[in-house]
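See structure below.
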Amino acid sequence: MAKPEQDVRRVLQIRMRTLGEPAQVLALIRSAAPLYQTMGGTGFRVLQNVDEPTQLLAEIEYEAHAALELNRHKLATDPMMRTFLQSWRAILQGSADVDVYEDVTAQGR
């Protein structure tokens, strides 16, 4: 486990189904780039299901202080994050599934 003073790298995956035009969600994701950077975001991409164009997968790579990573629930109460999430809910069909991953590709080499 990482020491509290270290940064940890994570990949946030958000699986969603859009209401209406998927381009609206893409525009929202692009407009939120400053928010991702504020939270330690180092990059993001959006994948669209070729058979179901309303299904999207957003992957956001970020680095965060280990202490913050251990307290992700505190981030959920941040006013800026809450506003961002409310705008997402307005254009999504149902809820989005969110998972946080650690890249372990290089481990054990």
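Chains: A, B, ... in order of the structure tokens. Residues: from 1 per chain. Ligands: from 1, in order shown.
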
Exercise: A:Arg45 partners within 10 Å, only C-alpha atoms, chain neighbours under 6 positions left out, as a PyMOL selection string
chain A and resi 13+26+29-30+57-61

The selected residues should be written to file as a tab-separated table (two decimals), in the first residue's frame (atoms: C-alpha atoms).
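result13.tsv, written as the output of this step:
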```tsv
chain	number	residue	atom	x	y	z
A	13	GLN	CA	-14.00	4.57	-15.63
A	26	LEU	CA	-18.90	14.58	-25.19
A	29	ILE	CA	-16.72	15.91	-20.75
A	30	ARG	CA	-14.51	18.23	-22.80
A	57	LEU	CA	-17.21	4.83	-21.55
A	58	ALA	CA	-15.17	7.72	-20.18
A	59	GLU	CA	-11.71	6.96	-18.82
A	60	ILE	CA	-10.03	9.63	-16.72
A	61	GLU	CA	-6.44	9.12	-15.62
```

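In this structure, atom CA of A:Gly40 sits 8.8 Å away from atom CA of A:His65.
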
Just checking: using only C-alpha atoms, which residue out of A:Ala90, A:Glu63, A:Thr83, A:Gln107 ends up closest to A:Gln6?
A:Glu63

Can you work out which one of A:Gln37, A:Thr105, A:Leu28, A:Gln86 has the shortest atom-to-atom distance to A:Ala64, counting only C-alpha atoms?
A:Gln37
